[in-house]
Each structure stands twice: as C-alpha cells, then as structure tokens.
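A.B. asks: Here you go, this is data_10.tsv (TSV, C-alpha atoms (C1' of nucleotides)).
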```tsv
chain	number	residue	atom	x	y	z
F	19	MET	CA	44.80	-226.08	-22.81
F	20	GLU	CA	44.76	-222.50	-24.04
F	21	THR	CA	46.87	-222.03	-27.14
F	22	THR	CA	50.18	-220.46	-26.32
F	23	SER	CA	50.77	-216.80	-26.85
F	24	THR	CA	53.33	-214.23	-25.87
F	25	THR	CA	50.80	-211.43	-25.49
F	26	ARG	CA	48.97	-210.82	-22.25
F	27	THR	CA	45.43	-212.12	-22.21
F	28	ASP	CA	42.71	-212.91	-19.79
F	29	SER	CA	43.98	-216.10	-18.22
F	30	CYS	CA	40.55	-217.58	-17.77
F	31	ALA	CA	38.72	-218.11	-21.01
F	32	GLY	CA	36.28	-220.82	-20.06
F	33	PRO	CA	34.69	-223.41	-22.35
F	34	ARG	CA	34.22	-223.37	-26.13
F	35	GLN	CA	32.71	-220.26	-27.47
F	36	VAL	CA	29.24	-219.37	-28.59
F	37	ASP	CA	28.45	-217.69	-31.94
F	38	ARG	CA	29.65	-220.36	-34.38
F	39	ARG	CA	33.10	-219.50	-35.58
F	40	PRO	CA	34.56	-221.46	-38.49
F	41	ASP	CA	36.66	-224.27	-36.99
F	42	GLY	CA	40.40	-224.05	-37.03
F	43	GLN	CA	40.60	-220.40	-37.97
F	44	ASP	CA	42.30	-217.76	-35.90
F	45	LYS	CA	42.33	-214.65	-38.07
F	46	TYR	CA	39.18	-212.63	-38.66
F	47	THR	CA	38.66	-209.34	-40.45
F	48	ILE	CA	36.74	-206.61	-38.71
F	49	SER	CA	33.63	-207.34	-40.76
F	50	GLU	CA	33.69	-210.98	-39.68
F	51	VAL	CA	33.88	-209.85	-36.08
F	52	VAL	CA	30.95	-207.54	-36.74
F	53	ALA	CA	28.98	-210.56	-37.94
F	54	PHE	CA	29.92	-212.64	-34.88
F	55	THR	CA	29.39	-210.04	-32.20
F	56	GLY	CA	26.67	-207.75	-33.51
F	57	LEU	CA	28.84	-204.76	-32.67
F	58	THR	CA	29.60	-202.22	-35.40
F	59	ALA	CA	33.09	-201.75	-36.85
F	60	HIS	CA	32.97	-198.24	-35.43
F	61	THR	CA	32.42	-199.64	-31.98
F	62	LEU	CA	35.20	-202.22	-32.34
F	63	ARG	CA	37.69	-199.53	-33.32
F	64	TRP	CA	36.44	-197.29	-30.55
F	65	TYR	CA	36.90	-200.08	-27.98
F	66	GLU	CA	40.49	-200.31	-29.13
F	67	ARG	CA	41.09	-196.58	-28.89
F	68	ILE	CA	39.84	-196.37	-25.32
F	69	GLY	CA	41.97	-199.31	-24.19
F	70	LEU	CA	39.21	-201.87	-23.82
F	71	MET	CA	40.90	-204.32	-26.19
F	72	PRO	CA	44.24	-206.10	-25.99
F	73	HIS	CA	46.66	-205.38	-28.83
F	74	ILE	CA	45.00	-206.55	-32.05
F	75	ASP	CA	47.14	-208.22	-34.72
F	76	ARG	CA	47.53	-206.50	-38.09
F	77	SER	CA	47.95	-207.85	-41.62
F	78	HIS	CA	51.07	-206.77	-43.54
F	79	THR	CA	49.04	-203.84	-44.88
F	80	GLY	CA	47.83	-202.72	-41.49
F	81	GLN	CA	44.34	-204.20	-41.41
F	82	ARG	CA	43.07	-205.70	-38.18
F	83	ARG	CA	43.14	-209.47	-37.80
F	84	TYR	CA	41.19	-210.61	-34.73
F	85	SER	CA	42.06	-213.91	-33.03
F	86	ASN	CA	39.70	-216.37	-31.33
F	87	ARG	CA	41.05	-215.06	-28.08
F	88	ASP	CA	39.99	-211.54	-29.05
F	89	LEU	CA	36.51	-212.87	-29.79
F	90	ASP	CA	36.40	-214.53	-26.36
F	91	TRP	CA	37.30	-211.20	-24.82
F	92	LEU	CA	34.53	-209.49	-26.77
F	93	ASP	CA	32.08	-212.11	-25.50
F	94	LEU	CA	33.04	-211.23	-21.93
F	95	VAL	CA	32.76	-207.53	-22.67
F	96	GLY	CA	29.30	-208.12	-24.12
F	97	LYS	CA	28.20	-209.92	-20.97
F	98	LEU	CA	29.57	-207.24	-18.69
F	99	ARG	CA	27.90	-204.58	-20.80
F	100	LEU	CA	24.55	-206.30	-20.19
F	101	THR	CA	25.07	-205.93	-16.47
F	102	GLY	CA	25.29	-202.17	-16.89
F	103	MET	CA	28.95	-202.04	-15.95
F	104	PRO	CA	30.39	-198.73	-17.17
F	105	VAL	CA	32.88	-199.02	-20.01
F	106	ALA	CA	35.46	-197.27	-17.81
F	107	ASP	CA	35.31	-200.19	-15.34
F	108	MET	CA	35.80	-202.70	-18.13
F	109	VAL	CA	38.81	-200.68	-19.26
F	110	ARG	CA	40.14	-200.97	-15.73
F	111	TYR	CA	39.78	-204.74	-15.90
F	112	ALA	CA	41.49	-204.77	-19.29
F	113	GLU	CA	44.38	-202.81	-17.79
F	114	LEU	CA	44.75	-205.34	-15.00
F	115	VAL	CA	44.92	-208.10	-17.58
F	116	ARG	CA	47.60	-206.20	-19.52
F	117	GLU	CA	49.62	-205.66	-16.36
F	118	GLY	CA	50.15	-209.37	-15.92
F	119	ASP	CA	49.67	-212.20	-13.45
F	120	HIS	CA	50.41	-210.18	-10.33
F	121	THR	CA	47.00	-208.50	-10.70
F	122	TYR	CA	45.07	-211.74	-10.11
F	123	GLY	CA	44.00	-210.51	-6.68
F	124	ASP	CA	42.66	-207.23	-8.01
F	125	ARG	CA	40.81	-209.00	-10.80
F	126	PHE	CA	39.30	-211.37	-8.28
F	127	GLU	CA	38.02	-208.46	-6.18
F	128	LEU	CA	36.66	-206.64	-9.20
F	129	LEU	CA	34.79	-209.71	-10.38
F	130	LYS	CA	33.38	-210.39	-6.93
F	131	ALA	CA	32.10	-206.83	-6.68
F	132	THR	CA	30.57	-207.16	-10.13
F	133	ARG	CA	28.94	-210.40	-9.08
F	134	GLU	CA	27.30	-208.63	-6.13
F	135	ASP	CA	26.04	-205.92	-8.46
F	136	VAL	CA	24.53	-208.49	-10.76
F	137	LEU	CA	22.81	-210.24	-7.86
F	138	SER	CA	21.24	-207.03	-6.66
F	139	ARG	CA	20.16	-206.10	-10.16
F	140	ILE	CA	18.45	-209.45	-10.48
F	141	ALA	CA	16.71	-208.82	-7.16
F	142	GLU	CA	15.57	-205.38	-8.34
F	143	LEU	CA	14.20	-206.86	-11.53
F	144	GLN	CA	12.31	-209.55	-9.65
F	145	ASP	CA	10.84	-206.85	-7.46
F	146	THR	CA	9.75	-204.96	-10.53
F	147	LEU	CA	8.32	-208.14	-11.98
F	148	ALA	CA	6.06	-208.47	-8.95
F	149	VAL	CA	4.77	-204.93	-9.42
F	150	LEU	CA	4.22	-205.57	-13.10
F	151	ASP	CA	2.33	-208.78	-12.40
F	152	ARG	CA	0.01	-207.03	-9.97
F	153	LYS	CA	-0.79	-204.40	-12.56
F	154	ILE	CA	-1.20	-206.95	-15.32
F	155	ASN	CA	-3.67	-208.86	-13.18
F	156	PHE	CA	-5.54	-205.65	-12.49
F	157	TYR	CA	-5.93	-204.89	-16.16
F	158	ALA	CA	-6.80	-208.49	-17.00
F	159	ASP	CA	-9.60	-208.39	-14.40
F	160	ALA	CA	-10.77	-205.03	-15.68
F	161	GLY	CA	-10.85	-206.45	-19.20
F	162	ARG	CA	-12.95	-209.41	-18.08
F	163	ALA	CA	-15.34	-207.09	-16.26
F	164	LEU	CA	-15.82	-205.03	-19.41
F	165	ALA	CA	-16.43	-208.17	-21.47
F	166	SER	CA	-19.14	-209.47	-19.15
F	167	GLU	CA	-20.73	-206.02	-19.02
F	168	ARG	CA	-20.94	-206.05	-22.80
F	169	SER	CA	-22.80	-209.41	-22.91
D	109	MET	CA	-10.18	-198.25	-1.59
D	110	GLU	CA	-8.36	-195.59	-3.55
D	111	THR	CA	-9.11	-192.07	-2.41
D	112	THR	CA	-11.42	-190.29	-4.82
D	113	SER	CA	-10.08	-187.84	-7.33
D	114	THR	CA	-11.30	-186.08	-10.41
D	115	THR	CA	-7.94	-186.20	-12.17
D	116	ARG	CA	-6.89	-189.13	-14.30
D	117	THR	CA	-4.51	-191.48	-12.57
D	118	ASP	CA	-3.18	-194.94	-12.92
D	119	SER	CA	-6.14	-197.05	-11.87
D	120	CYS	CA	-4.02	-199.71	-10.30
D	121	ALA	CA	-1.94	-198.42	-7.46
D	122	GLY	CA	-1.36	-201.56	-5.45
D	123	PRO	CA	-0.70	-201.85	-1.72
D	124	ARG	CA	0.63	-199.27	0.73
D	125	GLN	CA	3.74	-197.54	-0.37
D	126	VAL	CA	7.36	-197.94	0.52
D	127	ASP	CA	9.60	-195.04	1.58
D	128	ARG	CA	7.90	-193.98	4.80
D	129	ARG	CA	5.66	-191.03	4.17
D	130	PRO	CA	4.17	-189.14	7.13
D	131	ASP	CA	0.70	-190.62	7.76
D	132	GLY	CA	-2.38	-188.71	6.73
D	133	GLN	CA	-0.58	-186.14	4.61
D	134	ASP	CA	-1.28	-185.58	0.95
D	135	LYS	CA	0.69	-182.47	0.03
D	136	TYR	CA	4.44	-182.53	-0.36
D	137	THR	CA	6.87	-179.88	-1.55
D	138	ILE	CA	9.35	-180.77	-4.22
D	139	SER	CA	12.15	-181.09	-1.67
D	140	GLU	CA	10.12	-183.61	0.33
D	141	VAL	CA	9.64	-185.63	-2.84
D	142	VAL	CA	13.37	-185.41	-3.46
D	143	ALA	CA	13.91	-186.90	0.00
D	144	PHE	CA	11.41	-189.73	-0.62
D	145	THR	CA	12.44	-190.70	-4.13
D	146	GLY	CA	16.12	-189.90	-4.36
D	147	LEU	CA	15.47	-188.05	-7.61
D	148	THR	CA	16.67	-184.45	-7.92
D	149	ALA	CA	14.28	-181.52	-8.13
D	150	HIS	CA	15.65	-180.90	-11.61
D	151	THR	CA	14.64	-184.38	-12.65
D	152	LEU	CA	11.17	-184.05	-11.14
D	153	ARG	CA	10.54	-180.84	-13.06
D	154	TRP	CA	11.99	-182.37	-16.20
D	155	TYR	CA	9.67	-185.42	-15.87
D	156	GLU	CA	6.77	-183.00	-15.78
D	157	ARG	CA	7.94	-181.07	-18.84
D	158	ILE	CA	8.24	-184.18	-20.97
D	159	GLY	CA	4.80	-185.45	-20.00
D	160	LEU	CA	5.87	-188.25	-17.70
D	161	MET	CA	3.84	-186.91	-14.78
D	162	PRO	CA	0.13	-186.33	-14.35
D	163	HIS	CA	-0.89	-182.74	-13.64
D	164	ILE	CA	0.75	-181.73	-10.37
D	165	ASP	CA	-1.19	-179.56	-7.95
D	166	ARG	CA	0.09	-176.06	-7.17
D	167	SER	CA	-0.09	-173.88	-4.07
D	168	HIS	CA	-1.81	-170.48	-4.45
D	169	THR	CA	1.60	-169.01	-5.31
D	170	GLY	CA	2.41	-171.59	-7.94
D	171	GLN	CA	4.67	-173.98	-6.06
D	172	ARG	CA	4.26	-177.69	-6.68
D	173	ARG	CA	2.35	-179.77	-4.15
D	174	TYR	CA	2.71	-183.49	-4.81
D	175	SER	CA	0.03	-185.95	-3.65
D	176	ASN	CA	0.48	-189.51	-2.38
D	177	ARG	CA	-0.85	-190.63	-5.71
D	178	ASP	CA	1.95	-188.72	-7.44
D	179	LEU	CA	4.46	-190.48	-5.20
D	180	ASP	CA	2.96	-193.84	-6.13
D	181	TRP	CA	3.38	-192.95	-9.77
D	182	LEU	CA	7.01	-192.00	-9.16
D	183	ASP	CA	7.54	-195.36	-7.47
D	184	LEU	CA	6.30	-197.10	-10.59
D	185	VAL	CA	8.45	-194.90	-12.81
D	186	GLY	CA	11.44	-195.76	-10.65
D	187	LYS	CA	10.79	-199.47	-11.07
D	188	LEU	CA	10.36	-199.20	-14.83
D	189	ARG	CA	13.52	-197.15	-15.04
D	190	LEU	CA	15.41	-200.02	-13.40
D	191	THR	CA	14.27	-202.34	-16.16
D	192	GLY	CA	15.97	-200.08	-18.69
D	193	MET	CA	12.69	-198.98	-20.24
D	194	PRO	CA	13.31	-195.78	-22.23
D	195	VAL	CA	11.71	-192.67	-20.80
D	196	ALA	CA	9.82	-192.22	-24.06
D	197	ASP	CA	8.01	-195.53	-23.46
D	198	MET	CA	7.05	-194.46	-19.97
D	199	VAL	CA	5.70	-191.23	-21.40
D	200	ARG	CA	3.60	-193.36	-23.75
D	201	TYR	CA	2.18	-195.23	-20.77
D	202	ALA	CA	1.52	-191.94	-18.98
D	203	GLU	CA	-0.37	-190.73	-22.04
D	204	LEU	CA	-2.53	-193.85	-22.03
D	205	VAL	CA	-3.37	-193.20	-18.39
D	206	ARG	CA	-4.31	-189.60	-19.18
D	207	GLU	CA	-6.52	-190.69	-22.06
D	208	GLY	CA	-8.79	-192.59	-19.72
D	209	ASP	CA	-10.29	-195.99	-19.08
D	210	HIS	CA	-10.71	-196.96	-22.72
D	211	THR	CA	-6.94	-197.48	-22.94
D	212	TYR	CA	-6.94	-200.40	-20.48
D	213	GLY	CA	-6.28	-202.82	-23.33
D	214	ASP	CA	-3.28	-200.89	-24.59
D	215	ARG	CA	-1.89	-200.57	-21.09
D	216	PHE	CA	-2.29	-204.29	-20.59
D	217	GLU	CA	-0.35	-205.02	-23.76
D	218	LEU	CA	2.38	-202.56	-22.88
D	219	LEU	CA	2.81	-204.06	-19.44
D	220	LYS	CA	2.87	-207.59	-20.80
D	221	ALA	CA	5.59	-206.66	-23.29
D	222	THR	CA	7.55	-205.01	-20.50
D	223	ARG	CA	7.17	-208.13	-18.40
D	224	GLU	CA	8.70	-210.21	-21.18
D	225	ASP	CA	11.60	-207.77	-21.42
D	226	VAL	CA	12.21	-208.05	-17.71
D	227	LEU	CA	12.17	-211.84	-17.86
D	228	SER	CA	14.74	-211.92	-20.62
D	229	ARG	CA	16.93	-209.39	-18.84
D	230	ILE	CA	16.86	-211.60	-15.76
D	231	ALA	CA	17.87	-214.56	-17.92
D	232	GLU	CA	20.73	-212.55	-19.44
D	233	LEU	CA	21.95	-211.56	-16.01
D	234	GLN	CA	21.86	-215.14	-14.77
D	235	ASP	CA	23.86	-216.14	-17.81
D	236	THR	CA	26.41	-213.46	-17.00
D	237	LEU	CA	26.46	-214.61	-13.39
D	238	ALA	CA	27.52	-218.07	-14.55
D	239	VAL	CA	30.39	-216.61	-16.56
D	240	LEU	CA	31.42	-214.46	-13.62
D	241	ASP	CA	31.35	-217.42	-11.25
D	242	ARG	CA	33.58	-219.45	-13.53
D	243	LYS	CA	36.09	-216.64	-13.64
D	244	ILE	CA	35.88	-216.02	-9.92
D	245	ASN	CA	36.58	-219.69	-9.28
D	246	PHE	CA	39.53	-219.55	-11.63
D	247	TYR	CA	41.07	-216.63	-9.77
D	248	ALA	CA	40.29	-218.15	-6.37
D	249	ASP	CA	42.12	-221.34	-7.42
D	250	ALA	CA	45.00	-219.32	-8.81
D	251	GLY	CA	45.20	-217.46	-5.51
D	252	ARG	CA	45.33	-220.71	-3.55
D	253	ALA	CA	48.03	-222.07	-5.85
D	254	LEU	CA	50.14	-218.96	-5.25
D	255	ALA	CA	49.64	-219.27	-1.49
D	256	SER	CA	50.81	-222.90	-1.36
D	257	GLU	CA	53.75	-222.07	-3.62
D	258	ARG	CA	54.78	-219.41	-1.16
D	259	SER	CA	54.76	-221.80	1.83
S	30	DC	C1'	43.01	-201.24	-65.97
S	31	DG	C1'	39.15	-199.63	-63.84
S	32	DC	C1'	35.43	-200.67	-60.66
S	33	DT	C1'	33.50	-202.02	-56.46
S	34	DT	C1'	33.91	-203.18	-51.93
S	35	DG	C1'	36.35	-203.03	-47.67
S	36	DC	C1'	39.65	-201.15	-44.40
S	37	DT	C1'	42.33	-197.14	-42.33
S	38	DT	C1'	42.57	-192.69	-39.39
S	39	DG	C1'	41.39	-188.50	-36.29
S	40	DG	C1'	37.91	-185.93	-35.12
S	41	DA	C1'	33.17	-184.31	-35.10
S	42	DG	C1'	28.29	-185.36	-34.08
S	43	DC	C1'	24.32	-187.62	-31.86
S	44	DG	C1'	20.62	-189.34	-28.58
S	45	DC	C1'	19.51	-190.14	-24.09
S	46	DA	C1'	18.72	-188.84	-19.48
S	47	DC	C1'	19.58	-185.88	-16.93
S	48	DT	C1'	21.95	-181.51	-14.73
S	49	DC	C1'	22.70	-176.93	-14.15
S	50	DC	C1'	22.24	-171.79	-14.70
S	51	DA	C1'	20.44	-167.09	-14.15
S	52	DA	C1'	17.27	-164.20	-12.46
S	53	DG	C1'	13.68	-163.62	-9.87
S	54	DG	C1'	9.61	-164.59	-6.44
S	55	DT	C1'	8.25	-167.08	-1.77
S	56	DT	C1'	8.58	-168.96	2.78
S	57	DT	C1'	10.73	-169.73	7.04
S	58	DT	C1'	13.63	-168.62	10.86
S	59	DA	C1'	15.86	-165.45	14.14
C	136	DT	C1'	11.92	-157.11	9.26
C	137	DA	C1'	15.82	-158.98	7.43
C	138	DA	C1'	18.47	-162.76	6.16
C	139	DA	C1'	18.61	-167.48	4.70
C	140	DA	C1'	16.58	-171.16	2.54
C	141	DC	C1'	13.55	-172.73	-0.98
C	142	DC	C1'	10.86	-172.46	-5.19
C	143	DT	C1'	9.89	-170.84	-10.12
C	144	DT	C1'	11.02	-170.71	-15.35
C	145	DG	C1'	13.18	-171.54	-20.17
C	146	DG	C1'	17.06	-172.74	-22.04
C	147	DA	C1'	21.79	-174.23	-22.18
C	148	DG	C1'	25.29	-177.72	-20.82
C	149	DT	C1'	27.14	-182.48	-19.53
C	150	DG	C1'	28.65	-187.37	-19.68
C	151	DC	C1'	28.16	-191.66	-21.67
C	152	DG	C1'	28.34	-194.81	-25.35
C	153	DC	C1'	28.44	-194.92	-29.35
C	154	DT	C1'	27.94	-193.34	-34.55
C	155	DC	C1'	29.33	-191.16	-38.45
C	156	DC	C1'	32.31	-188.53	-41.77
C	157	DA	C1'	35.96	-187.46	-45.09
C	158	DA	C1'	39.82	-188.68	-47.39
C	159	DG	C1'	42.68	-192.07	-48.66
C	160	DC	C1'	44.86	-196.85	-49.14
C	161	DA	C1'	44.09	-201.92	-50.36
C	162	DA	C1'	42.15	-206.17	-52.36
C	163	DG	C1'	39.43	-208.92	-55.59
C	164	DC	C1'	37.15	-209.25	-60.15
C	165	DG	C1'	36.07	-208.93	-65.34
```
Can I see the file as structure tokens?
C.D. replies:
Amino acid sequence: METTSTTRTDSCAGPRQVDRRPDGQDKYTISEVVAFTGLTAHTLRWYERIGLMPHIDRSHTGQRRYSNRDLDWLDLVGKLRLTGMPVADMVRYAELVREGDHTYGDRFELLKATREDVLSRIAELQDTLAVLDRKINFYADAGRALASERS
Amino acid sequence: METTSTTRTDSCAGPRQVDRRPDGQDKYTISEVVAFTGLTAHTLRWYERIGLMPHIDRSHTGQRRYSNRDLDWLDLVGKLRLTGMPVADMVRYAELVREGDHTYGDRFELLKATREDVLSRIAELQDTLAVLDRKINFYADAGRALASERS
DNA sequence: CGCTTGCTTGGAGCGCACTCCAAGGTTTTA
DNA sequence: TAAAACCTTGGAGTGCGCTCCAAGCAAGCG
C-alpha cells in the first residue's frame, strides 16, 4: 500500500494527500515544497535542524529533494501546529518515529493525549463563541435602538 | 441591571460571573485578582501599561483596587486570548470601549470578525481531530496485532 | 561566457507575550 | 514595634517560533 522504503517513516499515512501534487512525482525542490505547504524555505530548513523532519534526500550536488512521504509528514506537522502543540512535542513524536516500530505504544499514548487536548480546545472555543454571540446580540440590539431613535 | 459608574466600561457584561468572587465586594487587591484569574501580577500590570485595561482604581496609598467590572473585563480578555486573538487587537477593542458609545458599530464589526475566526478555528481543529483519530486507530490496530502475535 | 535565479550553511535577529529585577514604600501579623 | 508579606515603578530579560543575513556554490538561458 505505502511505497517501500528503507528509511523510517510514520507508518500511518492515511488517504491521498491534499494540496495537489503533480501525479507520479516523488522528488521536489525546496521551493516546490514552499508552494505546497505555505511554509518558508527558512522554516523548512529550521524544522530539519531541530529534528522535526526525517532525513531528507539530497541531489548529487547536495540540494534537498523532498519525497511525497516528506510532504505527508509536513501535512501532519501543519495540523498539529494548528492545535497549538509545541514544536518540542512534535520533535518528540518525530524521534519516536525514527526509533522504529517498538515505539508504537508511546506514539499511541502521545496521540491520545493530543486528541484530548484538541477536544478541550474545541470546548473552550465553543464557550468563547457563546460569549461572543451574547455580545454581538447586545450590539445588534443597541444598533437597532439607535436606528429607531433616529427616525 | 449593571451597577452605575462614571467610568467607561464595556456596555455588555452578560450574566453573573464565573470564578467565585466573595458576594457584595467590589474592591480586590492585585493578589486576589491573581487568585481569581490565574494571571500573574506582572501580567496584570503589563495589561494596564499597554492599554488593555480600563482605568483601575487606587487606594489612598496608590495600590490597585480592582472592581467586579474589571474582573468581568479580564474574563472576556481571557476568552479572547484563548481564540488566539493578538493582544494588539484586544487593545484596539479596549480603545473602542474607552472612546464611548459611538463606537458600538465598530465593536460590533470587530466581534463579528472574531466570531468568524473562532468558527474557522473550530473547523480546523475538527479536521485535525479526524486525522488524529485515523492515526490512533492505526496504532490501536497495530497494538492488537502485536498482542495476538505474542499469544 | 556571463547573467539571473535558486540552493547551501551557521549564526544572528525579531516579534510576541509575557516574566523578572531592583529598590523602595505599605500593610498585616505576632 | 518589629518582622514578614505584599505592593509600587521603569526597564531589562526570556522562550518560542520563526525570519533573515552573508557568502558562496549550482543550474539554466541567450
């Protein structure tokens, strides 16, 4: 199902990926990845330096060549970033992936904890939404009152 | 409904407030506010410096005395902070409140825009939740496979 | 061949939201 | 009344997540 590879990767990639990638290609320059992900090249190189990326392939002259698998990983990182997960925690997850299959349990726990975080953040936001709606209604009413006063 | 006051405040406070405040009191020291809000005293003073707070009452010797209304405002600020709204935007809202009733329209617009932000952040999080659940299921299945292999 | 555009690196810099410090005045408790 | 706990200020420092810089190598084009 997944294409074979000798390097360690996240063993669970999920269905076909989002931001249209040209079919049947598996080598992207950093600027192509910038276009797909919306991250800057600076950020991509920084992610690598801090250990958030798996080993990235290089061309014969040393330039980065990202694979579809790398793009999938960046998609996950992007999602986790939206949840407010600190980069250090994502690095931890990346380390577990690099360490191999025997870390499945740890990854499972980490993801479950993250899931709980996301649920409570959603709840917080819905709470905030209620407050916002009350205030919006207040100002809408006040606006109507002013309008009728003016007539 | 609201207690009277000559200072400008947010005209829409909403129902009784959360973190149990002693009934019938309207003057709190900074450390009491720290206990109610979970913010540090440093942060409270910093909020004041940057214009995020209305004018805070002082004792005859110059120490801060927060009112229930100030605590309500801090509750709102706390909620907005959870949405990821930049402090600068909250300061803008605080300025509108200070400028008086003729800014109702602007406040309405600002709150509506914030509401939209919150809705899309909730959608993002639900999207992320789906990704997380797929991965969690993957690792749960992998765990079961390992268990049966072991038996 | 020269020109433009793109990629490389280590390290420095930035913006945000706090967070803390020093030095002093105030309030409470024993 | 004396010690301990709390409050005041302006300004400096911190941690995070980037963001940028300088200097140099590489690739494509006329």
A.B. asks: Considering all atoms listed in the file, can you say which of S:DT57, S:DT33, S:DT38, S:DT48 comes closest to Ala149 of chain D?
C.D. replies: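 Among the listed residues, S:DT48 lies closest to Ala149 of chain D.
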A.B. asks: Rounded to one decimal, what separation in Å do you get between atom CA of Gly80 of chain F and atom CA of Val105 of chain F?
C.D. replies: 26.4 Å
A.B. asks: For atom CA of Thr137 of chain D and atom CA of Leu160 of chain D, determine how far apart the two atoms are, in Å to one decimal place.
C.D. replies: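 Atom CA of Leu160 of chain D lies at a distance of 18.2 Å from atom CA of Thr137 of chain D.
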A.B. asks: Wanna dump the chain S-chain F contacts at 10 Å for me, each residue with its shortest atom pair and the distance in Å to one decimal, counting only C-alpha atoms (C1' of nucleotides), ordered by chain and number, as a tab-separated table?
C.D. replies:
```
residue	atom	partner	partner_atom	distance
S:DG35	C1'	F:Ser49	CA	8.6
S:DC36	C1'	F:Gln81	CA	6.3
S:DT37	C1'	F:Gln81	CA	7.4
```
A.B. asks: So which one's closest to DC47 of chain S, C:DA139, C:DC155, C:DG145, C:DG150? Using all atoms listed in the file, please.
C.D. replies: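 Nearest candidate to DC47 of chain S out of C:DA139, C:DC155, C:DG145, C:DG150: C:DG150.
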A.B. asks: Given 4 Å on each side, where is the centre and what are the edge lengths in Å to one decimal of the axis-aligned box enclosing the listed atoms of segment 149-165 of chain C, as AutoDock Vina command-line options?
C.D. replies:
```
--center_x 36.0 --center_y -195.9 --center_z -42.4 --size_x 25.7 --size_y 34.8 --size_z 53.8
```
A.B. asks: Once you count all atoms listed in the file, which residues of chain F turn out to be within 8 Å of chain D? Could you give them as a PyMOL selection string?
C.D. replies: chain F and resi 30-32+97-98+100-101+122-123+125-126+129-130+133+136-137+140+142-144+146-147+150-154+156-158+160-161
A.B. asks: Using C-alpha atoms, can you export the residues from the last selection as an mmCIF file, in the coordinates of the input?
C.D. replies:
```cif
data_model
loop_
_atom_site.group_PDB
_atom_site.id
_atom_site.type_symbol
_atom_site.label_atom_id
_atom_site.label_comp_id
_atom_site.auth_asym_id
_atom_site.auth_seq_id
_atom_site.Cartn_x
_atom_site.Cartn_y
_atom_site.Cartn_z
ATOM 1 C CA CYS F 30 40.550 -217.580 -17.770
ATOM 2 C CA ALA F 31 38.720 -218.110 -21.010
ATOM 3 C CA GLY F 32 36.280 -220.820 -20.060
ATOM 4 C CA LYS F 97 28.200 -209.920 -20.970
ATOM 5 C CA LEU F 98 29.570 -207.240 -18.690
ATOM 6 C CA LEU F 100 24.550 -206.300 -20.190
ATOM 7 C CA THR F 101 25.070 -205.930 -16.470
ATOM 8 C CA TYR F 122 45.070 -211.740 -10.110
ATOM 9 C CA GLY F 123 44.000 -210.510 -6.680
ATOM 10 C CA ARG F 125 40.810 -209.000 -10.800
ATOM 11 C CA PHE F 126 39.300 -211.370 -8.280
ATOM 12 C CA LEU F 129 34.790 -209.710 -10.380
ATOM 13 C CA LYS F 130 33.380 -210.390 -6.930
ATOM 14 C CA ARG F 133 28.940 -210.400 -9.080
ATOM 15 C CA VAL F 136 24.530 -208.490 -10.760
ATOM 16 C CA LEU F 137 22.810 -210.240 -7.860
ATOM 17 C CA ILE F 140 18.450 -209.450 -10.480
ATOM 18 C CA GLU F 142 15.570 -205.380 -8.340
ATOM 19 C CA LEU F 143 14.200 -206.860 -11.530
ATOM 20 C CA GLN F 144 12.310 -209.550 -9.650
ATOM 21 C CA THR F 146 9.750 -204.960 -10.530
ATOM 22 C CA LEU F 147 8.320 -208.140 -11.980
ATOM 23 C CA LEU F 150 4.220 -205.570 -13.100
ATOM 24 C CA ASP F 151 2.330 -208.780 -12.400
ATOM 25 C CA ARG F 152 0.010 -207.030 -9.970
ATOM 26 C CA LYS F 153 -0.790 -204.400 -12.560
ATOM 27 C CA ILE F 154 -1.200 -206.950 -15.320
ATOM 28 C CA PHE F 156 -5.540 -205.650 -12.490
ATOM 29 C CA TYR F 157 -5.930 -204.890 -16.160
ATOM 30 C CA ALA F 158 -6.800 -208.490 -17.000
ATOM 31 C CA ALA F 160 -10.770 -205.030 -15.680
ATOM 32 C CA GLY F 161 -10.850 -206.450 -19.200
#
```
A.B. asks: What is the distance between atom C1' of DA137 of chain C and atom C1' of DA52 of chain S, in Å to one decimal?
C.D. replies: 20.6 Å
A.B. asks: Only residues of chain C matter here; which ones have an atom within 12 Å of chain D, counting all atoms listed in the file? Give them as a list in words.
C.D. replies: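 In the required form, that comes to DA140, DC141, DC142, DT143, DT144 and DG145 of chain C.
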A.B. asks: Find, counting only C-alpha atoms (C1' of nucleotides), the residue in C:DA157, C:DC151, C:DC164, C:DA138 that gets nearest to DC43 of chain S.
C.D. replies: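 That would be C:DC151, the residue with the smallest distance to DC43 of chain S.
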A.B. asks: Considering only C-alpha atoms (C1' of nucleotides), return as a CSV table (one decimal) with C-alpha atoms, in the frame of the given file whatever protein or nucleic-acid residues lie within 8 Å of Ser175 of chain D, sequence-local ones (same chain, fewer than 2 positions apart) excluded.
C.D. replies:
```csv
chain,number,residue,atom,x,y,z
D,134,ASP,CA,-1.3,-185.6,1.0
D,135,LYS,CA,0.7,-182.5,0.0
D,136,TYR,CA,4.4,-182.5,-0.4
D,164,ILE,CA,0.8,-181.7,-10.4
D,165,ASP,CA,-1.2,-179.6,-8.0
D,173,ARG,CA,2.4,-179.8,-4.2
D,177,ARG,CA,-0.8,-190.6,-5.7
D,178,ASP,CA,2.0,-188.7,-7.4
D,179,LEU,CA,4.5,-190.5,-5.2
```
A.B. asks: Using all atoms listed in the file, which protein or nucleic acid residues come within 10 Å of DC156 of chain C? Drop anything in the same chain fewer than 4 positions from it, and give the result as number ranges by chain.
C.D. replies: S: 40-42
A.B. asks: I'd like the contact shell of Pro72 of chain F - 12 Å cut-off, only C-alpha atoms (C1' of nucleotides), skipping same-chain residues fewer than 2 positions apart - returned as a ChimeraX atom specification.
C.D. replies: /F:25-28,62-63,65-70,74-75,84-85,87-92,109,111-117
